[in-house]
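Student: Input model-v2.txt, format and content: compact mmCIF, C-alpha atoms.
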# COMPACT_ATOMS: atom_id res chain seq x y z
CA MET A 24 93.85 91.08 149.59
CA LYS A 25 94.74 89.06 146.50
CA ASN A 26 94.87 92.19 144.35
CA LYS A 27 97.42 93.75 146.71
CA ALA A 28 99.66 90.66 146.93
CA PRO A 29 102.01 91.58 144.02
CA THR A 30 102.55 95.07 145.48
CA HIS A 31 103.28 93.61 148.93
CA ARG A 32 105.78 91.15 147.47
CA LEU A 33 107.53 93.94 145.60
CA ALA A 34 107.72 96.01 148.79
CA TRP A 35 109.18 93.02 150.64
CA GLY A 36 111.73 92.61 147.86
CA TYR A 37 112.89 96.19 148.25
CA ALA A 38 113.01 95.79 152.03
CA VAL A 39 115.21 92.68 151.75
CA LEU A 40 117.48 94.42 149.23
CA ILE A 41 117.94 97.41 151.52
CA SER A 42 118.61 95.07 154.44
CA LEU A 43 121.29 93.27 152.43
CA ALA A 44 122.95 96.57 151.58
CA ILE A 45 122.97 97.54 155.27
CA VAL A 46 124.43 94.17 156.30
CA GLN A 47 127.18 94.48 153.68
CA GLN A 48 128.09 97.95 154.87
CA LEU A 49 128.19 96.79 158.49
CA LEU A 50 130.44 93.88 157.58
CA VAL A 51 132.83 96.20 155.74
CA TYR A 52 133.00 98.50 158.78
CA LEU A 53 133.47 95.51 161.07
CA HIS A 54 136.29 94.20 158.91
CA LEU A 55 138.03 97.59 158.96
CA TYR A 56 137.62 97.83 162.73
CA MET A 57 139.00 94.33 163.37
CA ASN A 58 141.86 94.25 160.84
CA GLN A 59 142.62 97.92 160.24
CA SER A 60 143.00 97.13 156.53
CA TYR A 61 140.95 97.00 153.34
CA THR A 62 142.74 95.11 150.58
CA SER A 63 142.23 95.24 146.81
CA LEU A 64 140.48 91.87 147.05
CA ASP A 65 137.96 93.30 149.53
CA ALA A 66 137.38 96.23 147.21
CA ALA A 67 136.92 93.91 144.22
CA LEU A 68 134.38 91.80 146.09
CA SER A 69 132.52 94.93 147.24
CA ILE A 70 132.29 96.08 143.64
CA ALA A 71 131.22 92.56 142.65
CA SER A 72 128.29 92.80 145.08
CA LEU A 73 127.11 95.94 143.28
CA GLY A 74 127.62 94.21 139.94
CA ALA A 75 125.47 91.34 141.22
CA LEU A 76 122.57 93.75 141.56
CA ALA A 77 123.01 94.82 137.94
CA LEU A 78 123.19 91.18 136.79
CA GLY A 79 120.01 90.32 138.66
CA LEU A 80 118.17 93.24 137.09
CA LEU A 81 119.48 92.83 133.54
CA LEU A 82 119.80 89.08 133.00
CA PRO A 83 116.90 86.58 132.67
CA VAL A 84 115.98 84.78 135.87
CA GLY A 85 117.16 81.41 134.57
CA VAL A 86 120.60 82.76 133.64
CA SER A 87 120.87 84.47 137.03
CA VAL A 88 120.15 81.19 138.84
CA VAL A 89 122.82 79.34 136.82
CA LEU A 90 125.41 82.07 137.51
CA VAL A 91 124.60 81.99 141.23
CA PHE A 92 125.14 78.22 141.33
CA VAL A 93 128.45 78.46 139.45
CA TYR A 94 129.59 81.30 141.72
CA LEU A 95 128.72 79.37 144.89
CA VAL A 96 130.73 76.34 143.76
CA ILE A 97 133.79 78.31 142.57
CA TYR A 98 133.84 80.64 145.56
CA PHE A 99 133.47 77.75 148.00
CA VAL A 100 136.42 75.94 146.41
CA TRP A 101 138.51 79.13 146.58
CA LEU A 102 137.38 79.78 150.15
CA VAL A 103 138.49 76.40 151.49
CA THR A 104 141.76 76.24 149.54
CA PHE A 105 143.28 79.70 149.06
CA ALA A 106 141.32 82.36 150.96
CA ASP A 107 142.32 83.89 154.26
CA PRO A 108 139.20 83.14 156.28
CA ASN A 109 137.52 86.10 157.97
CA VAL A 110 134.01 87.40 158.48
CA LEU A 111 134.00 89.64 155.40
CA VAL A 112 135.51 87.07 153.02
CA PHE A 113 133.08 84.42 154.18
CA SER A 114 130.10 86.80 153.91
CA TRP A 115 130.74 87.48 150.21
CA TRP A 116 129.99 83.79 149.54
CA LEU A 117 126.35 84.37 150.51
CA LEU A 118 125.74 88.09 150.07
CA ILE A 119 126.68 88.35 146.37
CA PRO A 120 124.29 85.51 145.33
CA ALA A 121 121.64 87.03 147.59
CA ASN A 122 122.01 90.33 145.73
CA VAL A 123 121.50 88.57 142.40
CA ILE A 124 118.45 86.63 143.60
CA VAL A 125 116.71 89.61 145.24
CA ALA A 126 117.40 91.87 142.23
CA ALA A 127 116.02 89.18 139.89
CA PHE A 128 112.91 88.88 142.08
CA ILE A 129 112.36 92.65 142.00
CA LYS A 130 112.86 92.72 138.24
CA ARG A 131 110.29 89.96 137.77
CA ARG A 132 107.73 91.86 139.84
CA LEU A 133 108.47 95.11 138.01
CA VAL A 134 107.99 93.40 134.64
CA ARG A 135 104.66 91.96 135.80
CA SER A 136 103.54 95.34 137.09
CA ALA A 137 104.54 96.96 133.80
CA ARG A 138 102.51 94.39 131.88
CA VAL A 139 99.48 94.98 134.09
CA ILE A 140 99.76 98.75 133.60
CA GLU A 141 100.13 98.27 129.85
CA ARG A 142 97.05 96.07 129.79
CA LEU A 143 95.08 98.62 131.83
CA GLU A 144 96.10 101.35 129.40
CA GLN A 145 94.83 99.23 126.52
CA MET A 146 91.54 98.59 128.30
CA LYS A 147 91.06 102.20 129.42
CA ASN A 148 89.41 103.28 126.19
CA GLN A 149 87.38 100.12 125.72
CA ASN A 150 83.71 100.12 126.60
CA PRO A 151 82.76 97.31 129.00
CA GLU A 152 80.28 94.78 127.65
CA ILE A 153 79.13 93.54 131.06
CA ASP A 154 76.39 95.09 133.16
CA LEU A 155 77.86 95.51 136.65
CA ASP A 156 74.56 94.94 138.48
CA THR A 157 73.62 91.66 136.81
CA THR A 158 76.93 90.43 135.28
CA LEU A 159 74.97 89.96 132.04
CA GLY A 160 75.92 91.34 128.67
CA ASN A 161 74.96 95.00 128.39
CA LYS A 162 73.56 97.05 125.52
CA ASP A 163 76.87 97.12 123.61
CA ALA A 164 77.20 93.33 123.90
CA LEU A 165 73.61 92.93 122.67
CA HIS A 166 74.35 95.15 119.67
CA ASP A 167 77.41 93.09 118.71
CA THR A 168 75.55 89.79 119.10
CA LEU A 169 72.55 91.09 117.16
CA ILE A 170 74.73 92.17 114.23
CA LYS A 171 76.46 88.78 114.12
CA GLN A 172 73.23 86.81 114.37
CA SER A 173 71.40 88.90 111.78
CA ASN A 174 74.30 88.49 109.32
CA LEU A 175 74.26 84.73 109.85
CA ALA A 176 70.49 84.60 109.45
CA ARG A 177 70.61 86.61 106.23
CA ARG A 178 73.47 84.55 104.76
CA TYR A 179 71.90 81.20 105.62
CA SER A 180 68.25 82.21 105.63
CA ASP A 181 67.10 78.81 104.36
CA CYS A 182 68.46 76.96 107.40
CA TYR A 183 69.23 79.51 110.12
CA GLY A 184 67.22 82.04 112.08
CA PHE A 185 66.79 83.52 115.50
CA SER A 186 64.25 85.20 117.74
CA ILE A 187 64.68 87.93 120.30
CA ALA A 188 62.48 88.58 123.33
CA MET A 189 62.26 91.24 126.03
CA PHE A 190 61.06 90.89 129.62
CA LYS A 191 60.29 94.19 131.28
CA ILE A 192 59.60 95.00 134.93
CA GLU A 193 56.43 97.05 135.08
CA PHE A 194 56.03 99.96 137.52
CA LEU A 195 59.82 100.08 137.84
CA PRO A 196 60.06 103.28 139.98
CA LEU A 197 57.65 101.78 142.52
CA VAL A 198 59.62 98.51 142.58
CA GLN A 199 62.93 100.34 143.09
CA GLU A 200 61.47 102.50 145.87
CA SER A 201 59.92 99.50 147.63
CA LEU A 202 63.07 97.35 147.49
CA GLY A 203 65.86 99.86 147.93
CA SER A 204 69.12 99.69 146.00
CA VAL A 205 70.53 96.54 147.65
CA ARG A 206 67.36 94.44 147.40
CA TYR A 207 66.73 95.70 143.86
CA ALA A 208 70.22 94.59 142.75
CA GLN A 209 69.58 91.20 144.35
CA PHE A 210 66.21 91.02 142.58
CA LEU A 211 67.89 91.63 139.21
CA LEU A 212 70.33 88.79 139.90
CA GLU A 213 67.46 86.46 140.81
CA ILE A 214 65.68 87.34 137.56
CA SER A 215 68.87 86.63 135.62
CA GLN A 216 69.26 83.22 137.27
CA THR A 217 65.60 82.40 136.70
CA ILE A 218 65.81 83.24 133.01
CA GLN A 219 68.96 81.14 132.64
CA LYS A 220 67.15 78.10 134.03
CA GLN A 221 64.46 78.44 131.34
CA ILE A 222 66.68 78.87 128.28
CA ARG A 223 69.36 76.82 126.55
CA TYR A 224 73.07 77.35 127.13
CA GLU A 225 73.50 78.45 123.52
CA ASP A 226 70.96 81.24 124.02
CA HIS A 227 72.15 84.73 124.95
CA LYS A 228 70.74 86.96 127.67
CA PHE A 229 71.34 90.66 128.31
CA PHE A 230 70.30 93.48 130.60
CA VAL A 231 69.70 96.79 128.84
CA ASP A 232 68.84 99.02 131.82
CA ARG A 233 65.44 100.30 133.03
CA GLY A 234 64.43 96.81 134.18
CA ARG A 235 64.61 95.30 130.71
CA PHE A 236 66.02 91.82 130.10
CA VAL A 237 66.58 90.58 126.56
CA ILE A 238 67.20 87.03 125.37
CA LEU A 239 68.36 86.09 121.89
CA CYS A 240 67.60 82.51 120.86
CA PRO A 241 69.21 81.08 117.72
CA MET A 242 67.37 78.33 115.86
CA VAL A 243 64.33 78.38 118.11
CA ASN A 244 61.04 77.01 116.81
CA VAL A 245 58.73 79.98 116.21
CA GLU A 246 55.74 77.96 117.38
CA TYR A 247 57.57 77.25 120.65
CA LEU A 248 58.42 80.91 121.28
CA PRO A 249 55.07 81.96 122.86
CA MET A 250 55.26 79.06 125.30
CA LEU A 251 58.87 80.00 126.17
CA THR A 252 58.10 83.66 126.86
CA ARG A 253 55.04 82.79 128.96
CA ARG A 254 57.03 80.28 130.99
CA ILE A 255 59.86 82.72 131.65
CA LYS A 256 57.48 85.53 132.53
CA GLN A 257 55.53 83.35 134.95
CA SER A 258 58.71 82.01 136.57
CA VAL A 259 59.95 85.54 137.21
CA MET A 260 56.61 86.66 138.58
CA ASP A 261 56.57 83.62 140.90
CA LEU A 262 59.78 84.78 142.60
CA GLU A 263 59.27 85.60 146.26
CA VAL A 264 60.35 89.22 146.63
CA LEU A 265 60.29 91.00 149.99
CA ASP A 266 60.33 94.77 150.22
CA LYS A 267 62.22 96.87 152.78
CA ARG A 268 59.49 96.25 155.36
CA GLY A 269 59.54 92.49 154.89
CA ASN A 270 56.26 92.38 152.99
CA GLU A 271 55.92 90.36 149.80
CA LEU A 272 56.07 92.51 146.69
CA GLN A 273 53.86 91.55 143.77
CA THR A 274 55.80 92.11 140.56
CA VAL A 275 54.40 92.44 137.07
CA ILE A 276 56.50 91.33 134.09
CA LYS A 277 55.59 92.12 130.49
CA SER A 278 57.08 90.28 127.53
CA GLY A 279 57.39 90.87 123.81
CA ALA A 280 59.33 89.20 121.03
CA LEU A 281 60.51 89.53 117.45
CA VAL A 282 61.24 86.85 114.87
CA PHE A 283 63.99 87.66 112.38
CA HIS A 284 62.99 88.01 108.74
CA LYS A 285 65.48 88.50 105.95
CA GLU A 286 63.57 91.48 104.57
CA GLN A 287 64.09 93.29 107.88
CA PHE A 288 67.89 92.77 107.94
CA SER A 289 68.91 96.42 107.55
CA LYS A 290 66.75 97.50 110.49
CA TYR A 291 68.58 95.15 112.87
CA GLU A 292 71.62 97.40 112.63
CA ASN A 293 69.70 100.01 114.64
CA LEU A 294 69.57 98.57 118.16
CA ASP A 295 67.40 101.38 119.52
CA ALA A 296 64.77 100.63 116.88
CA VAL A 297 64.84 96.93 117.77
CA LEU A 298 64.50 97.70 121.49
CA ALA A 299 61.67 100.15 120.79
CA ALA A 300 59.83 97.49 118.77
CA LEU A 301 60.31 94.94 121.53
CA GLU A 302 59.07 97.39 124.12
CA ARG A 303 55.97 98.14 122.05
CA ASN A 304 55.32 94.42 121.84
CA THR A 305 55.56 94.07 125.62
CA GLU A 306 52.48 96.28 125.97
CA THR A 307 50.35 93.52 124.50
CA ASP A 308 52.62 90.46 125.07
CA LEU A 309 52.97 90.32 121.31
CA ILE A 310 55.36 88.27 119.17
CA GLY A 311 55.89 90.37 116.08
CA GLU A 312 57.70 90.09 112.79
CA TYR A 313 58.35 93.72 111.89
CA ILE A 314 60.38 96.48 113.49
Take the structure in the file and give it back as structure tokens.

Tutor:
Amino acid sequence: MKNKAPTHRLAWGYAVLISLAIVQQLLVYLHLYMNQSYTSLDAALSIASLGALALGLLLPVGVSVVLVFVYLVIYFVWLVTFADPNVLVFSWWLLIPANVIVAAFIKRRLVRSARVIERLEQMKNQNPEIDLDTTLGNKDALHDTLIKQSNLARRYSDCYGFSIAMFKIEFLPLVQESLGSVRYAQFLLEISQTIQKQIRYEDHKFFVDRGRFVILCPMVNVEYLPMLTRRIKQSVMDLEVLDKRGNELQTVIKSGALVFHKEQFSKYENLDAVLAALERNTETDLIGEYI
């Protein structure tokens, strides 16, 4: 409903504007019927009501508000001192400012809609960096982060480094078939939340499809890395997962990791090679140094 609110407001603006136009026409016809005359002043005010629409559409909202206030004061003074009071003359006091305000409102909504469309056009050709199932960074986001981290680690190799680890769901087709699409998506979210509880906020986590989660940990102690991967793997395997029949599903998680070395810098540009090395390391729960 929130996404449709601007469109609804714009539609209401047009409806009010059309209603104002109808009311003005009815008042003109009523004036002609009652007085059998239509003076040059009536014509001028009718044209002014159309000009008010143009002012509301062309002028900034703040200027329009100031002009409306000035008009109300001047017209009221003229109305009580010089004007020949009748329904039509009195109506112009309110209808002309209403035209300005409604036109300014419509213009504001149109400008906002144009900006949204422009932004959507800019985003149309951009690749998303969020996995829709897990709300984690996807493969493209991992590639960008890996390039940045490897450049930092090469430039400041004496004081900066990082490690990268993969956690892979084994027997993935069987898991997907047992859980179904909805439960499987929920399972991925639970894994994501579990991993987040075990890592630092400055660490990065990603989902790179086929049941593979990747974490990238800057400045992590290499001796601490095996303990970290075991703890995460065990925490994920301890999750209570029920299949479509309500039975508990035993899941198997494999892990593998890599520690950045300056000599391997050029190979970190090839994400597929890095992922392949991580996946090979998951077969033996290995923490390797070479891609």

Student: Could you check which of A:Ile129, A:Phe92, A:Arg235, A:Ser72 is closest to Glu193 of chain A, using only C-alpha atoms?

Tutor: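 Checking each of A:Ile129, A:Phe92, A:Arg235, A:Ser72 against Glu193 of chain A, counting only C-alpha atoms, the winner is A:Arg235.
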
Student: When you draw a straight line from atom CA of Ile187 of chain A to atom CA of Gly279 of chain A, how long is it in Å?

Tutor: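 Between atom CA of Ile187 of chain A and atom CA of Gly279 of chain A the gap works out to 8.6 Å.
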
Student: What's the separation between atom CA of Glu141 of chain A and atom CA of Ala126 of chain A, in Å to one decimal place?

Tutor: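 Separation of atom CA of Glu141 of chain A and atom CA of Ala126 of chain A: 22.2 Å.
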
Student: Can you list, as a ChimeraX atom specification, every protein, DNA or RNA residue that comes within 10 Å of segment 271-277 of chain A when you count all atoms listed in the file, leaving out same-chain residues fewer than 3 positions away?

Tutor: /A:189-195,198,201-202,234-235,252-253,255-268,302,304-309

Student: Pick from A:Tyr247, A:Phe185, A:Phe229, A:Phe128: nearest to Val84 of chain A, with all atoms listed in the file counted?

Tutor: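 Ranking A:Tyr247, A:Phe185, A:Phe229, A:Phe128 by distance to Val84 of chain A, first place goes to A:Phe128.
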
Student: What does the structure give for the distance between atom CA of Ala164 of chain A and atom CA of Ala176 of chain A, in Å to one decimal?

Tutor: 18.2 Å

Student: Could you tell me which of A:Ile119, A:Arg135, A:Gln287, A:Thr104 comes closest to Ile70 of chain A if we count only C-alpha atoms?

Tutor: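 Smallest distance to Ile70 of chain A is found for A:Ile119.
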
Student: When you count all atoms listed in the file, which of these residues is closest to Leu251 of chain A: A:Tyr183, A:Ala280, A:Val89, A:Pro196?

Tutor: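 Looking only at the distances to Leu251 of chain A, the closest residue turns out to be A:Ala280.
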